[in-house]
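Trainee: Got a structure for you, written out below as structure tokens; questions coming shortly.
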Amino acid sequence: MGSTRRILGALAPLLSCLVLSGNAPNALAAAPAPKEMPRIPFTQRYQAVQHGGLVRASNSGISCRKERAAGAEPCGEVKQGAAGVNSDYEMFYSEVDKDPDTYNSTRAELKVPAGAKVSYARLYWGGNLRVGEQKPPQDNGRVLVAEPGGAYSEVLADTRIGHRTDDGSDAYQASADVTPLVRRGGAGMWTVSQLNIAMGHSGVGAWGGWTLVVAYEKADEPLRRISVWDGFAALWAGGGQEALETVDVEGLDVPAGGTGRVGVVAYDGDRGTLGDSLTVTADSGRRVQLSDPENPFNDVMNSTITEFGRPSFRRQPEHMNNLGYDADVFDLSPALSGGARSLTFQFAGENQGHFLGVLFVQTDARR
């Protein structure tokens, strides 16, 4: 997101229902046309207490092609992790499937443990529709997904879609329950294509990506409480005001010394633009600022796809700086040292803003 970015306080009006267009073989399921809303409060999508846990696969769908701003780092170095923001570059789709009928296809590895049973799976996707071009919002609710070694299936959004416009961007997030598809496909490299995101160059920049969140059961793993939350919120700090989003996760039964992790999906977080943070407070009163070597405490949404500060699964392509797409997992254990029955997560926005879309939480539970 460039320095010209200014997210307006006025919300876009409620948009009409999507008309899902396009055809593809192997349609997963017919879905009702979901409504778009400028802001969707965070609510719990799924929760379970079971032996098992959460895994995810994720990738961005667009990256830099050439420099457009004076002094910008070379695109090739940015892909390897150098500092750079999407508004400094001409942005172009990533393409890995060699299929002339698709665009912006990317892959990522889903590490469902051997012998585990998939209990729930949800695919999230989103990005910016307005850059050097304006993409049609009616295509927001459709992507193509290929399981490991399989052909594409059409996946249609089955829920409300967040959609917000301002003076420089047109951002959205959509999602769908893909549990049957993931149960069939299992572990391996998953491919997602046809993300409705715009390419080109603007003062705001292009961004977009996808994340597949999967809950699984496995008898020999610890008893855990797992939950998936989603919404759509624009966070920014400007004019002396700091934007915050708070999510309360209750009903926990974490013993003292318990372990846990939390995953976050966010859009248009800029590497090097400071001010965004993530803190968690346990009911014991212990407040911890979450960070790791790749996600500093004051630049948490910095275009990375990591787990505890490291890559944890294969991706194609595997850019280190994803130029406006974050899907990170952080260690919750420091906040759980005294046990917990509830956790409060608080997100703060940077002064140029970003969009928050998904929160997924895994904690130990008492036997």
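Residues are referred to by chain and number: the chain letter is A, B, ... according to the order shown in the structure tokens, the number counts from 1 in that chain, and ligands are numbered separately from 1 in the order shown.
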Mind listing the helix (DSSP H, G or I) residues of region 34-260 of chain A, per DSSP on the backbone, as a list in words?
Mentor: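 Filtering region 34-260 of chain A to helix (DSSP H, G or I) leaves Cys75, Gly76, Glu77, Val78, Lys79, Asn86, Ser87, Asp88, Pro137, Gln138, Asp139, Thr179, Pro180, Leu181, Val182, Arg183, Arg184 and Gly185 of chain A.
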Trainee: What's the 6 Å shell around region 337-352 of chain A, counting only C-alpha atoms, without same-chain residues fewer than 3 positions away, as a ChimeraX atom specification?
Mentor: /A:5,235-238,243-257,274-283,334
Trainee: Do you know which residues are at most 8 Å from Gly162 (chain A) counting only C-alpha atoms, after dropping those on the same chain fewer than 5 positions away, and could you put them as a list in words?
Mentor: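 What passes the distance filter is Glu36, Met37, Pro38, Arg39, Ile40, Tyr172, Gln173, Ala174, Gly231 and Phe232 of chain A.
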Trainee: Take the residues from that selection and write them out as a PDB file, in the first residue's frame, keeping N, CA and C atoms.
Mentor:
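Dumped everything to result-v7.pdb:
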ATOM      1  N   GLU A  36     -23.021  -9.101  -0.072  1.00  0.00           N
ATOM      2  CA  GLU A  36     -21.793  -8.392   0.285  1.00  0.00           C
ATOM      3  C   GLU A  36     -22.119  -7.326   1.321  1.00  0.00           C
ATOM      4  N   MET A  37     -21.157  -7.106   2.244  1.00  0.00           N
ATOM      5  CA  MET A  37     -21.325  -6.093   3.264  1.00  0.00           C
ATOM      6  C   MET A  37     -20.013  -5.347   3.434  1.00  0.00           C
ATOM      7  N   PRO A  38     -20.043  -4.046   3.744  1.00  0.00           N
ATOM      8  CA  PRO A  38     -18.806  -3.284   3.888  1.00  0.00           C
ATOM      9  C   PRO A  38     -17.993  -3.669   5.115  1.00  0.00           C
ATOM     10  N   ARG A  39     -18.651  -4.187   6.135  1.00  0.00           N
ATOM     11  CA  ARG A  39     -17.941  -4.675   7.315  1.00  0.00           C
ATOM     12  C   ARG A  39     -18.715  -5.844   7.892  1.00  0.00           C
ATOM     13  N   ILE A  40     -18.009  -6.902   8.262  1.00  0.00           N
ATOM     14  CA  ILE A  40     -18.624  -8.055   8.886  1.00  0.00           C
ATOM     15  C   ILE A  40     -17.952  -8.274  10.240  1.00  0.00           C
ATOM     16  N   TYR A 172     -12.140  -7.093  -0.827  1.00  0.00           N
ATOM     17  CA  TYR A 172     -13.166  -8.058  -0.441  1.00  0.00           C
ATOM     18  C   TYR A 172     -12.522  -9.320   0.123  1.00  0.00           C
ATOM     19  N   GLN A 173     -13.330 -10.103   0.837  1.00  0.00           N
ATOM     20  CA  GLN A 173     -12.981 -11.472   1.222  1.00  0.00           C
ATOM     21  C   GLN A 173     -14.225 -12.345   1.081  1.00  0.00           C
ATOM     22  N   ALA A 174     -14.034 -13.556   0.551  1.00  0.00           N
ATOM     23  CA  ALA A 174     -15.104 -14.541   0.419  1.00  0.00           C
ATOM     24  C   ALA A 174     -14.622 -15.855   1.023  1.00  0.00           C
ATOM     25  N   GLY A 231     -14.400 -12.604   9.717  1.00  0.00           N
ATOM     26  CA  GLY A 231     -15.106 -11.332   9.593  1.00  0.00           C
ATOM     27  C   GLY A 231     -14.438 -10.533   8.497  1.00  0.00           C
ATOM     28  N   PHE A 232     -14.678  -9.240   8.485  1.00  0.00           N
ATOM     29  CA  PHE A 232     -14.013  -8.375   7.504  1.00  0.00           C
ATOM     30  C   PHE A 232     -13.962  -6.981   8.086  1.00  0.00           C
TER      31      PHE A 232
END
Trainee: Hey, what's within 12 Å of Trp207 (chain A) if we count only C-alpha atoms and toss same-chain stuff fewer than 3 positions away? As a PDB file with C-alpha atoms, in the first residue's frame, please?
Mentor:
ATOM      1  CA  MET A   1       0.000   0.000   0.000  1.00  0.00           C
ATOM      2  CA  ASN A  59      -0.391 -18.505  -0.885  1.00  0.00           C
ATOM      3  CA  SER A  60      -0.626 -15.097  -2.509  1.00  0.00           C
ATOM      4  CA  GLY A  61      -1.955 -14.860  -6.053  1.00  0.00           C
ATOM      5  CA  ILE A  62      -0.032 -11.847  -7.341  1.00  0.00           C
ATOM      6  CA  SER A  63       3.493 -10.459  -7.116  1.00  0.00           C
ATOM      7  CA  CYS A  64       5.757  -7.766  -8.539  1.00  0.00           C
ATOM      8  CA  VAL A  85       5.443  -2.472  -0.828  1.00  0.00           C
ATOM      9  CA  ASN A  86       3.009  -3.327  -3.604  1.00  0.00           C
ATOM     10  CA  SER A  87       2.426   0.280  -4.707  1.00  0.00           C
ATOM     11  CA  TYR A  89       5.723  -2.136  -8.443  1.00  0.00           C
ATOM     12  CA  GLU A  90       3.864  -3.244 -11.521  1.00  0.00           C
ATOM     13  CA  MET A  91       2.009  -6.262 -10.150  1.00  0.00           C
ATOM     14  CA  PHE A  92       1.211  -9.361 -12.204  1.00  0.00           C
ATOM     15  CA  TYR A  93      -0.466 -12.718 -11.617  1.00  0.00           C
ATOM     16  CA  SER A  94       1.493 -15.734 -10.381  1.00  0.00           C
ATOM     17  CA  ASN A 104      -3.111 -16.423 -11.036  1.00  0.00           C
ATOM     18  CA  TRP A 125      -9.871 -15.847  -0.630  1.00  0.00           C
ATOM     19  CA  GLY A 126      -9.808 -12.121  -1.350  1.00  0.00           C
ATOM     20  CA  GLY A 127      -7.901  -9.098  -2.529  1.00  0.00           C
ATOM     21  CA  ASN A 128      -8.121  -5.750  -4.300  1.00  0.00           C
ATOM     22  CA  LEU A 129     -10.390  -5.356  -7.342  1.00  0.00           C
ATOM     23  CA  ARG A 130      -9.183  -1.879  -8.344  1.00  0.00           C
ATOM     24  CA  VAL A 131      -5.597  -1.286  -9.456  1.00  0.00           C
ATOM     25  CA  SER A 169      -9.015   0.362  -3.374  1.00  0.00           C
ATOM     26  CA  ASP A 170     -11.919  -2.059  -3.688  1.00  0.00           C
ATOM     27  CA  ALA A 171     -11.265  -4.877  -1.206  1.00  0.00           C
ATOM     28  CA  TYR A 172     -13.166  -8.058  -0.441  1.00  0.00           C
ATOM     29  CA  GLN A 173     -12.981 -11.472   1.222  1.00  0.00           C
ATOM     30  CA  LEU A 195      -8.867 -15.357  -7.733  1.00  0.00           C
ATOM     31  CA  ASN A 196     -10.790 -12.221  -8.633  1.00  0.00           C
ATOM     32  CA  ILE A 197      -8.011  -9.702  -8.028  1.00  0.00           C
ATOM     33  CA  ALA A 198      -6.733  -6.869 -10.201  1.00  0.00           C
ATOM     34  CA  MET A 199      -3.225  -6.531 -11.594  1.00  0.00           C
ATOM     35  CA  GLY A 200      -1.280  -3.445 -12.634  1.00  0.00           C
ATOM     36  CA  HIS A 201       0.014  -0.417 -10.749  1.00  0.00           C
ATOM     37  CA  SER A 202      -1.570   2.287  -8.630  1.00  0.00           C
ATOM     38  CA  VAL A 204      -2.657   1.830  -3.472  1.00  0.00           C
ATOM     39  CA  TRP A 210      -6.052 -17.615  -0.398  1.00  0.00           C
ATOM     40  CA  ALA A 266      -4.865 -10.183   6.626  1.00  0.00           C
ATOM     41  CA  TYR A 267      -4.734  -8.143   3.420  1.00  0.00           C
ATOM     42  CA  ASP A 268      -2.558  -5.192   2.389  1.00  0.00           C
ATOM     43  CA  GLY A 269      -0.221  -5.144   5.360  1.00  0.00           C
ATOM     44  CA  ASP A 270       2.989  -3.373   4.301  1.00  0.00           C
ATOM     45  CA  SER A 303       3.375  -9.707   3.964  1.00  0.00           C
ATOM     46  CA  ASN A 321       7.647 -10.922   0.770  1.00  0.00           C
ATOM     47  CA  ASN A 322       4.097 -11.499  -0.442  1.00  0.00           C
ATOM     48  CA  LEU A 323       3.461  -7.789  -1.085  1.00  0.00           C
ATOM     49  CA  GLY A 324       0.187  -7.365   0.739  1.00  0.00           C
ATOM     50  CA  TYR A 325      -0.886 -10.829   1.885  1.00  0.00           C
ATOM     51  CA  ASP A 326      -0.349 -12.288   5.368  1.00  0.00           C
ATOM     52  CA  HIS A 354      -4.915  -3.110   6.304  1.00  0.00           C
ATOM     53  CA  PHE A 355      -7.862  -5.504   6.225  1.00  0.00           C
TER      54      PHE A 355
END
Trainee: Please return as a PyMOL selection string: the residues of region 138-258 of chain A that backbone DSSP assigns to strand (DSSP E).
Mentor: chain A and resi 142-146+152-156+161-165+170-177+188-193+208-217+223-235+237-238+241-242+244-254
Trainee: So, with only C-alpha atoms as the atoms that count, which of A:Asp139, A:Asp328, A:Glu221, A:Asp364 lies closest to Leu156 (chain A)?
Mentor: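 Ranked by minimum distance to Leu156 (chain A), first place goes to A:Asp139.
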Trainee: By how many Å are CA of Leu212 (chain A) and CA of Ala233 (chain A) apart?
Mentor: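 A separation of 19.5 Å between them.
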Trainee: Taking into account only C-alpha atoms, which residue in the set A:Gly260, A:Asn298, A:Arg271, A:Asp166 is nearest to Arg224 (chain A)?
Mentor: A:Gly260
Trainee: Choose the residue, out of A:Ala215, A:Leu223, A:Ser193, A:Arg45, that has the smallest atom-to-atom separation from Val96 (chain A); count only C-alpha atoms.
Mentor: A:Ser193
Trainee: Quick check, in Å to one decimal: how far apart do CA of Pro113 (chain A) and CA of Val300 (chain A) lie?
Mentor: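 According to the coordinates, CA of Pro113 (chain A) and CA of Val300 (chain A) are separated by 28.4 Å.
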Trainee: Out of A:Leu359, A:Val288, A:Ile161, A:Val182, which residue has the shortest atom-to-atom distance to Val264 (chain A) when counting only C-alpha atoms?
Mentor: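 Among the listed residues, the smallest separation from Val264 (chain A) belongs to A:Leu359.
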Trainee: Listing only residues of region 54-111 of chain A within 10 Å of region 146-154 of chain A, what is the closest atom pair and its distance in Å (to one decimal) for each, using only C-alpha atoms, sorted by chain and residue number ascending, as CSV?
Mentor:
residue,atom,partner,partner_atom,distance
A:Arg107,CA,A:Ala146,CA,9.2
A:Ala108,CA,A:Pro148,CA,9.9
A:Glu109,CA,A:Pro148,CA,8.9
A:Leu110,CA,A:Pro148,CA,9.3
Trainee: So that I can see what lies close to region 54-56 of chain A, please list as a list in words the residues with an atom at most 8 Å from it, counting only C-alpha atoms and leaving out residues fewer than 4 positions away in the same chain.
Mentor: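 Counting only the stated atoms, we get Leu110, Lys111, Val112, Thr211, Leu212, Val213, Val214, Ala215, Tyr216, Ile226 and Gln362 of chain A.
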Trainee: Using only C-alpha atoms for the distances, tell me which of A:Gly132, A:Pro180, A:Gly353, A:Gly209 is nearest to Ser58 (chain A).
Mentor: A:Gly209
Trainee: Can you tell me, as a short mmCIF file (atom, residue, chain, number, x, y, z; two decimals) with N, CA and C atoms, in the first residue's frame, what residues are no more than 7 Å from region 317-320 of chain A when counting only C-alpha atoms, ignoring any on the same chain fewer than 5 positions away?
Mentor:
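The resulting result-v6.cif:
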data_model
loop_
_atom_site.label_atom_id
_atom_site.label_comp_id
_atom_site.auth_asym_id
_atom_site.auth_seq_id
_atom_site.Cartn_x
_atom_site.Cartn_y
_atom_site.Cartn_z
N LYS A 79 11.01 -10.44 -3.84
CA LYS A 79 10.44 -11.78 -3.75
C LYS A 79 11.22 -12.67 -2.79
N GLN A 80 12.50 -12.38 -2.64
CA GLN A 80 13.35 -13.14 -1.73
C GLN A 80 13.33 -12.59 -0.30
N GLY A 81 12.56 -11.51 -0.08
CA GLY A 81 12.39 -11.02 1.28
C GLY A 81 12.84 -9.60 1.53
N THR A 106 -1.82 -20.67 -7.98
CA THR A 106 -0.71 -20.92 -7.04
C THR A 106 -1.01 -22.19 -6.26
N THR A 304 3.94 -11.76 5.15
CA THR A 304 4.62 -13.03 5.33
C THR A 304 3.61 -14.17 5.45
#
Trainee: Closest to Leu290 (chain A) among A:Gln194, A:Ser333, A:Thr259, A:Asn302, using only C-alpha atoms?
Mentor: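 Using only C-alpha atoms, the shortest distance to Leu290 (chain A) belongs to A:Ser333.
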